[in-house]
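Content type compact mmCIF, C-alpha atoms and all ligand atoms, from the file target00.txt:
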```txt
# COMPACT_ATOMS: atom_id res chain seq x y z
CA MET K 174 16.20 -36.31 50.58
CA ILE K 175 18.53 -33.76 49.17
CA GLY K 176 21.22 -32.81 51.52
CA LEU K 177 21.96 -29.23 52.32
CA GLU K 178 25.27 -29.55 50.50
CA TRP K 179 23.31 -29.95 47.20
CA CYS K 180 21.19 -26.83 47.63
CA ALA K 181 23.82 -24.34 46.56
CA PRO K 182 24.88 -26.18 43.33
CA LEU K 183 21.22 -26.78 42.41
CA ALA K 184 20.29 -23.13 42.90
CA GLY K 185 23.36 -22.20 40.88
CA GLY K 186 22.24 -24.60 38.12
CA PHE K 187 18.74 -23.13 38.02
CA PHE K 188 20.17 -19.67 37.93
CA LEU K 189 22.45 -20.62 35.00
CA VAL K 190 19.54 -22.14 33.03
CA PHE K 191 17.52 -18.98 33.67
CA LEU K 192 20.40 -16.83 32.44
CA VAL K 193 20.81 -18.90 29.26
CA ILE K 194 17.07 -18.68 28.46
CA TYR K 195 17.05 -14.94 29.12
CA PHE K 196 20.10 -14.44 26.92
CA LEU K 197 18.63 -16.47 24.04
CA ARG K 198 15.31 -14.62 24.18
CA SER K 199 16.88 -11.19 24.15
CA ARG K 200 19.11 -12.21 21.24
CA THR K 201 16.13 -13.42 19.21
CA LYS K 202 14.33 -10.15 19.82
CA LYS K 203 17.33 -8.08 18.81
CA SER K 204 17.84 -10.04 15.58
CA GLY K 205 14.25 -9.23 14.70
CA VAL K 206 13.03 -12.81 14.40
CA ASN K 207 10.19 -12.15 16.79
CA ALA K 208 9.89 -8.49 16.01
CA SER K 209 6.39 -8.29 14.65
CA GLU K 210 5.69 -4.65 15.26
CA ARG K 211 2.81 -3.68 13.02
CA ILE K 212 3.27 -0.97 10.45
CA ARG K 213 0.47 1.49 11.17
CA THR K 214 1.55 4.49 9.19
CA GLY K 215 2.41 5.10 5.59
CA LYS K 216 2.01 7.46 2.70
CA ILE K 217 -0.37 7.64 -0.22
CA PHE K 218 1.20 9.48 -3.13
CA TYR K 219 -0.91 10.81 -5.94
CA GLY K 220 -0.08 12.00 -9.43
CA THR K 221 -2.99 14.05 -10.71
CA GLN K 222 -3.93 16.76 -13.13
CA TYR K 223 -7.68 17.02 -12.65
CA GLY K 224 -8.17 15.44 -9.25
CA THR K 225 -9.28 11.84 -9.94
CA ALA K 226 -6.16 10.31 -8.42
CA LEU K 227 -6.31 12.69 -5.47
CA GLY K 228 -9.96 11.77 -4.83
CA LEU K 229 -9.09 8.06 -4.78
CA ALA K 230 -6.12 8.73 -2.50
CA LYS K 231 -8.32 10.52 0.02
CA LYS K 232 -10.88 7.74 -0.12
CA LEU K 233 -8.20 5.13 0.54
CA ALA K 234 -6.83 7.11 3.49
CA GLU K 235 -10.32 7.44 4.95
CA ASN K 236 -11.07 3.72 4.56
CA ALA K 237 -7.68 2.78 5.98
CA LYS K 238 -8.66 4.32 9.31
CA SER K 239 -11.13 1.47 9.77
CA ILE K 240 -8.22 -0.99 9.97
CA GLY K 241 -6.21 1.25 12.26
CA MET K 242 -3.89 2.58 9.59
CA ASP K 243 -2.91 6.21 9.41
CA LEU K 244 -2.05 6.86 5.76
CA GLU K 245 -0.96 10.38 4.91
CA VAL K 246 -2.05 11.69 1.52
CA CYS K 247 1.01 13.34 -0.06
CA ASP K 248 1.52 15.42 -3.16
CA LEU K 249 4.46 14.00 -5.12
CA LYS K 250 5.47 17.52 -6.07
CA THR K 251 6.65 18.26 -2.55
CA TYR K 252 8.23 14.87 -1.92
CA GLU K 253 11.96 14.28 -2.11
CA PRO K 254 12.42 10.85 -3.74
CA GLU K 255 15.80 10.38 -2.03
CA GLU K 256 13.72 9.75 1.11
CA LEU K 257 12.05 6.72 -0.45
CA CYS K 258 14.63 4.31 0.94
CA ASN K 259 13.48 5.28 4.45
CA GLU K 260 9.79 4.55 3.85
CA SER K 261 8.15 1.30 4.96
CA LEU K 262 4.80 1.69 3.25
CA VAL K 263 3.81 3.66 0.21
CA VAL K 264 0.68 3.43 -1.93
CA LEU K 265 0.71 5.27 -5.23
CA ILE K 266 -2.23 6.40 -7.33
CA LEU K 267 -0.98 7.79 -10.61
CA ALA K 268 -2.62 9.20 -13.69
CA THR K 269 -1.15 8.91 -17.19
CA TYR K 270 -1.35 11.65 -19.79
CA THR K 271 -0.67 12.04 -23.49
CA ASP K 272 2.09 9.79 -24.85
CA GLY K 273 2.43 8.07 -21.51
CA LYS K 274 3.61 11.18 -19.66
CA PRO K 275 3.19 11.60 -15.92
CA THR K 276 1.31 14.52 -14.46
CA GLU K 277 3.29 17.64 -13.66
CA ASN K 278 3.35 16.90 -9.93
CA ALA K 279 4.69 13.36 -10.48
CA LYS K 280 7.23 14.19 -13.16
CA TRP K 281 10.36 14.46 -11.03
CA PHE K 282 9.45 11.39 -8.95
CA CYS K 283 9.00 9.26 -12.09
CA GLN K 284 12.19 10.57 -13.62
CA TRP K 285 14.11 9.88 -10.42
CA LEU K 286 12.88 6.29 -10.33
CA GLU K 287 13.74 5.78 -13.99
CA GLU K 288 17.22 7.20 -13.56
CA ASN K 289 17.95 5.21 -10.43
CA ASN K 290 16.73 2.00 -11.95
CA GLY K 291 19.06 2.55 -14.89
CA ASP K 292 21.98 3.37 -12.63
CA GLU K 293 24.21 0.39 -11.96
CA ARG K 294 25.57 2.04 -8.80
CA VAL K 295 22.15 1.91 -7.19
CA GLY K 296 21.70 -1.61 -5.88
CA ALA K 297 18.67 -3.84 -6.31
CA LEU K 298 18.13 -3.61 -2.55
CA HIS K 299 17.99 0.19 -2.45
CA LEU K 300 14.31 0.14 -1.47
CA GLN K 301 14.42 -3.03 0.57
CA LYS K 302 12.51 -1.50 3.46
CA LEU K 303 9.67 -0.42 1.23
CA ASN K 304 6.30 -2.12 0.85
CA PHE K 305 4.30 -0.67 -2.01
CA ALA K 306 1.23 -0.94 -4.20
CA VAL K 307 0.34 1.06 -7.30
CA PHE K 308 -3.02 1.88 -8.85
CA GLY K 309 -3.17 3.60 -12.23
CA CYS K 310 -5.71 6.13 -13.51
CA GLY K 311 -5.99 6.01 -17.26
CA ASN K 312 -8.20 5.51 -20.25
CA SER K 313 -7.95 2.49 -22.54
CA GLN K 314 -8.95 4.70 -25.46
CA TYR K 315 -5.29 5.72 -25.37
CA SER K 316 -4.32 2.19 -26.26
CA GLU K 317 -0.61 2.83 -26.91
CA SER K 318 0.00 4.68 -23.70
CA PHE K 319 -2.69 3.20 -21.50
CA ASN K 320 -1.59 3.56 -17.88
CA VAL K 321 2.08 3.64 -18.81
CA VAL K 322 3.04 5.79 -15.82
CA GLY K 323 1.64 3.56 -13.08
CA ARG K 324 2.97 0.46 -14.83
CA GLU K 325 6.48 1.89 -15.08
CA VAL K 326 6.55 3.16 -11.51
CA ASP K 327 5.38 -0.24 -10.29
CA ALA K 328 8.14 -1.99 -12.26
CA ASN K 329 10.82 0.50 -11.19
CA LEU K 330 9.95 0.24 -7.49
CA ALA K 331 10.18 -3.55 -7.68
CA ALA K 332 13.46 -3.38 -9.62
CA LEU K 333 14.93 -1.18 -6.89
CA GLY K 334 14.09 -3.73 -4.23
CA GLY K 335 10.64 -2.62 -3.07
CA ARG K 336 8.22 -5.33 -2.02
CA ARG K 337 5.08 -5.32 -4.12
CA LEU K 338 2.10 -5.93 -1.82
CA TRP K 339 -0.43 -6.35 -4.57
CA PRO K 340 -0.08 -6.29 -8.37
CA PHE K 341 -0.50 -3.07 -10.27
CA VAL K 342 -4.02 -2.44 -11.54
CA PRO K 343 -4.51 -0.19 -14.55
CA GLY K 344 -7.72 1.67 -13.72
CA ASP K 345 -9.77 2.43 -16.80
CA GLU K 346 -12.14 5.38 -16.82
CA ASP K 347 -13.53 4.24 -20.16
CA GLY K 348 -17.03 2.98 -19.48
CA GLY K 349 -16.83 4.29 -15.92
CA ARG K 350 -15.06 1.21 -14.59
CA MET K 351 -12.41 2.90 -12.53
CA GLU K 352 -14.29 3.25 -9.21
CA LYS K 353 -15.21 -0.44 -9.25
CA GLN K 354 -11.65 -1.49 -10.11
CA PHE K 355 -10.35 0.73 -7.34
CA SER K 356 -12.59 -0.74 -4.67
CA THR K 357 -11.70 -4.30 -5.75
CA TRP K 358 -8.01 -3.38 -5.64
CA SER K 359 -8.39 -1.80 -2.17
CA HIS K 360 -10.39 -4.82 -1.04
CA HIS K 361 -7.38 -7.04 -1.82
CA LEU K 362 -4.89 -4.59 -0.43
CA PHE K 363 -6.41 -3.95 2.99
CA PRO K 364 -5.95 -7.44 4.49
CA LEU K 365 -2.30 -7.22 3.42
CA LEU K 366 -1.90 -3.83 5.06
CA GLU K 367 -3.42 -5.22 8.21
CA LYS K 368 -0.80 -7.96 8.34
CA LEU K 369 2.07 -5.69 7.53
CA THR K 370 4.81 -5.73 10.11
CA ILE K 371 8.25 -4.19 10.23
CA HIS K 372 9.67 -7.69 10.10
CA SER K 373 7.72 -8.62 6.99
CA ALA K 374 9.30 -5.76 5.09
CA ALA K 375 12.51 -7.73 5.02
CA SER K 376 11.05 -10.71 3.21
CA ARG K 377 10.96 -10.46 -0.53
CA SER K 378 7.89 -10.38 -2.72
CA VAL K 379 6.47 -13.66 -3.87
CA LEU K 380 3.92 -12.07 -6.16
CA PRO K 381 4.65 -12.32 -9.85
CA PRO K 382 4.90 -8.89 -11.46
CA GLU K 383 1.60 -8.38 -13.24
CA ALA K 384 3.05 -5.88 -15.60
CA THR K 385 6.43 -5.20 -17.10
CA ALA K 386 7.62 -1.71 -17.91
CA GLU K 387 7.12 -0.74 -21.48
CA GLY K 388 7.26 2.56 -23.25
CA GLN K 389 9.18 5.43 -21.78
CA SER K 390 8.85 9.06 -21.01
CA SER K 391 12.26 10.60 -21.00
CA ASP K 392 12.03 13.84 -19.06
CA ASP K 393 15.69 14.59 -18.79
CA GLU K 394 16.73 18.21 -18.63
CA GLY K 395 17.06 20.02 -21.89
CA ASP K 396 15.59 19.07 -25.20
CA ASP K 397 18.53 19.88 -27.32
CA GLU K 398 19.63 16.61 -28.91
CA ALA K 399 23.39 16.81 -29.24
CA GLY K 400 24.38 15.93 -32.74
CA GLU K 401 21.45 17.81 -34.18
CA THR K 402 22.84 21.25 -33.41
CA GLY K 403 25.02 21.34 -36.46
CA GLU K 404 28.19 21.65 -34.37
CA VAL K 405 31.11 19.52 -35.52
CA ASP K 406 32.42 17.31 -32.78
CA MET K 407 36.15 17.26 -31.99
CA GLU K 408 36.33 13.52 -32.51
CA ASP K 409 34.86 13.88 -35.96
CA MET K 410 37.46 16.43 -37.05
CA GLY K 411 40.95 15.82 -38.41
CA GLY K 412 40.09 15.36 -42.04
CA LYS K 413 37.56 12.64 -41.38
CA PRO K 414 34.14 13.23 -42.81
CA SER K 415 31.66 14.31 -40.17
CA LYS K 416 28.57 12.42 -39.09
CA GLY K 417 26.58 11.11 -41.98
CA GLY K 418 29.34 11.98 -44.39
CA LYS K 419 30.51 9.56 -47.03
CA GLY K 420 32.60 6.78 -45.56
CA SER K 421 31.96 7.74 -41.89
CA LYS K 422 31.27 4.91 -39.50
CA GLU K 423 28.19 5.37 -37.33
CA MET K 424 29.32 4.11 -33.94
CA VAL K 425 25.99 4.94 -32.38
CA THR K 426 23.48 2.83 -34.25
CA PRO K 427 19.82 3.94 -34.30
CA ALA K 428 18.93 1.21 -31.78
CA LEU K 429 21.79 2.22 -29.49
CA ARG K 430 20.88 5.88 -29.88
CA ALA K 431 17.28 5.16 -28.87
CA ASN K 432 18.45 3.09 -25.92
CA LEU K 433 20.91 5.72 -24.69
CA THR K 434 18.42 8.55 -25.17
CA LYS K 435 15.91 6.55 -23.17
CA GLN K 436 18.43 6.41 -20.33
CA GLY K 437 18.82 10.19 -20.46
CA TYR K 438 22.10 10.32 -22.43
CA HIS K 439 22.72 13.05 -24.95
CA ILE K 440 24.52 11.80 -28.02
CA LEU K 441 27.76 13.47 -29.03
CA GLY K 442 28.69 13.34 -32.69
CA SER K 443 28.49 9.80 -33.95
CA HIS K 444 30.33 8.04 -31.19
CA SER K 445 29.44 8.76 -27.54
CA GLY K 446 26.81 9.76 -25.05
CA VAL K 447 27.04 11.87 -21.92
CA LYS K 448 24.59 12.51 -19.16
CA LEU K 449 24.32 14.39 -15.95
CA CYS K 450 25.05 12.11 -13.05
CA ARG K 451 22.26 11.84 -10.48
CA TRP K 452 24.82 12.56 -7.77
CA THR K 453 25.31 16.00 -9.33
CA LYS K 454 21.81 16.95 -8.24
CA SER K 455 22.32 15.27 -4.91
CA MET K 456 25.57 17.18 -4.34
CA LEU K 457 24.08 20.50 -5.38
CA ARG K 458 21.24 19.89 -2.93
CA GLY K 459 23.80 19.28 -0.19
CA ARG K 460 22.87 15.60 0.14
CA GLY K 461 26.33 14.23 -0.54
CA GLY K 462 28.11 12.84 -3.56
CA CYS K 463 29.10 9.42 -4.84
CA TYR K 464 32.00 7.23 -3.70
CA LYS K 465 34.45 9.25 -5.83
CA HIS K 466 33.72 12.16 -3.53
CA THR K 467 34.09 10.07 -0.40
CA PHE K 468 37.32 8.38 -1.44
CA TYR K 469 39.02 10.81 -3.79
CA GLY K 470 37.41 14.16 -2.98
CA ILE K 471 36.03 14.55 -6.51
CA GLU K 472 32.98 16.77 -6.39
CA SER K 473 30.11 15.11 -8.19
CA HIS K 474 29.05 18.23 -10.07
CA ARG K 475 32.51 18.30 -11.70
CA CYS K 476 32.04 14.78 -12.98
CA MET K 477 29.94 13.35 -15.80
CA GLU K 478 28.78 10.02 -17.07
CA ALA K 479 29.99 9.06 -20.51
CA THR K 480 29.79 6.00 -22.69
CA PRO K 481 33.14 4.50 -23.79
C1 LIG K 501 -5.51 15.26 -22.51
C2 LIG K 501 -5.60 13.89 -21.91
C3 LIG K 501 -4.66 12.92 -22.25
C4 LIG K 501 -4.73 11.63 -21.70
N1 LIG K 501 -3.80 10.69 -22.06
C5 LIG K 501 -3.87 9.46 -21.53
C6 LIG K 501 -2.92 8.47 -21.91
O1 LIG K 501 -2.04 8.68 -22.71
N2 LIG K 501 -3.02 7.23 -21.33
C7 LIG K 501 -4.00 6.93 -20.42
O2 LIG K 501 -4.02 5.80 -19.94
N3 LIG K 501 -4.90 7.86 -20.04
C8 LIG K 501 -4.88 9.11 -20.57
N4 LIG K 501 -5.79 10.05 -20.20
C9 LIG K 501 -6.82 9.70 -19.22
C10 LIG K 501 -6.44 10.16 -17.82
O3 LIG K 501 -5.33 9.50 -17.33
C11 LIG K 501 -7.61 9.89 -16.89
O4 LIG K 501 -8.64 10.79 -17.25
C12 LIG K 501 -7.28 10.04 -15.44
O5 LIG K 501 -8.37 9.58 -14.69
C13 LIG K 501 -6.98 11.46 -15.08
O6 LIG K 501 -6.60 11.51 -13.74
P1 LIG K 501 -6.54 12.89 -12.93
O7 LIG K 501 -7.94 13.47 -12.94
O8 LIG K 501 -6.12 12.48 -11.56
O9 LIG K 501 -5.59 13.80 -13.60
C14 LIG K 501 -5.74 11.32 -20.76
C15 LIG K 501 -6.68 12.31 -20.40
C16 LIG K 501 -6.61 13.57 -20.96
C17 LIG K 501 -7.63 14.61 -20.56
```
Would it be possible to restate this file's structure as C-alpha cells?
Amino acid sequence: MIGLEWCAPLAGGFFLVFLVIYFLRSRTKKSGVNASERIRTGKIFYGTQYGTALGLAKKLAENAKSIGMDLEVCDLKTYEPEELCNESLVVLILATYTDGKPTENAKWFCQWLEENNGDERVGALHLQKLNFAVFGCGNSQYSESFNVVGREVDANLAALGGRRLWPFVPGDEDGGRMEKQFSTWSHHLFPLLEKLTIHSAASRSVLPPEATAEGQSSDDEGDDEAGETGEVDMEDMGGKPSKGGKGSKEMVTPALRANLTKQGYHILGSHSGVKLCRWTKSMLRGRGGCYKHTFYGIESHRCMEATP
C-alpha cells in the first residue's frame, strides 16, 4: 500500500514526465523533423513559340489534379526569376530554337539562371527550397542544338541548389515521339509529386544528373563586342602598339575571350572584360543591391564587374 505521503511526490513525478514528453514533442515538430506537410501547389512554366510546350503544360496541370495537386500554368515572360528562391515546386517545359536559343518568353529567365550560376556571390544553396523537373521540346534533326535550352536550365537549377525530382528528358518531335516521351516522363514524375513534402525539400537530390550543360546562348544586353569598334583603349595607348599590332601581347587569349563572352563579359582592348552586375538590374527594379550597398552604401548601378 502506498501511503498518502507518497501521493504528492508521485503525482509530481508523473507531471514532470508528462512535461518532458510534451516539451520534446513540440521541439521535434518545430525543428521540422516530423513536419511532413504535403506540397500540393506548384507552378508549371512553359517556354513556347508555337504552343507545343504550352499544350503539354496544360495537360500536366490537368492530370495533376487527379493526385490532388494544383499546378498553375505560368508564362515565363511574366515571371520574375528573383522569386524562384521562394518556390517549392516548379516543373518546366521548354522549347529550343535555332542555335540552341530559348523562346522569346523564356529568354530572360534562361539568361537570369545562366548569370546567377556564373556568379560566385550566389551560393550553391540559393534554390535549396526548390524541387524541380524539366522536360524539353526539340527536334533531333537539329543535332548540334538539340534541346539545349531545357538541358541548360536543368543543369543551372541543380547548380543553384534546386532538387531535381526526375532527370531531364529531351523530347523529340522527330518521328512524332514527343507525346509518348512526355507521358512516360509524367508517369515517373507523378508518384514523386505525390510524396513531396515541405520537409523533403530540404534533403538533397540523389539522382545523378542525366545531362550536363553544353553549348550556350549568350543573350546579354547589347551586341557590340568591345574591341571590335575600332576605338583605341586607354591601356593600349602610350606608344605601345594597339591590339593586334606588332609586338603586342594578347592578354585575352581566344579561349579566355570565348569563356568571358559566354559569361556575358564585354572585352576591352586586349586585356580586360567588364559586365553589368546582376545587382544593377535588381537595384534599378527597387529589389535591393549587393553587400557593398548594405555595408558601404555603394549603389549597385554605380558599380561594375571587371576582370583583373
Ligand atoms: C525555326 C525552328 C528552329 C528550331 N530549332 C531547334 C533547335 O535548334 N533545337 C531543337 O532541339 N529543336 C529545334 N526546333 C524544334 C522545336 O523546338 C520544336 O518544334 C518544339 O516542339 C517547338 O515547341 P513550341 O511549339 O512550344 O514552340 C526548331 C523548330 C523551328 C520551327
Quiz item: Counting only C-alpha atoms and all ligand atoms, what residues are within 6 Å of ligand LIG 501 (chain K), given as number ranges by chain?
Solution: K: 221-226, 268-273, 310-313, 315, 318-320
Exercise. Name all residues at most 12 Å from segment 340-350 of chain K (count all atoms listed in the file; drop same-chain ones fewer than 5 positions away) and give them as number ranges by chain.
Key: K: 225-226, 229, 264-269, 304-316, 318-331, 355-359, 361-362, 378-386
Quiz prompt | Close residues, Cys463 of chain K itself excluded, 9 Å, only C-alpha atoms, min 6 positions apart in chain, as a ChimeraX atom specification | solution = /K:452-453,455-456,471-473
Exercise. Find the distance between atom CA of Cys258 of chain K and atom CA of Asn432 of chain K and write it in Å to one decimal.
Key: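 Computing it gives 27.2 Å between the two atoms.
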Quiz item: For Ser261 of chain K, which residue among K:Cys450, K:Leu303, K:Cys476, K:Ala184 is the nearest when counting all atoms listed in the file?
Solution: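 Among the listed residues, the smallest separation from Ser261 of chain K belongs to K:Leu303.
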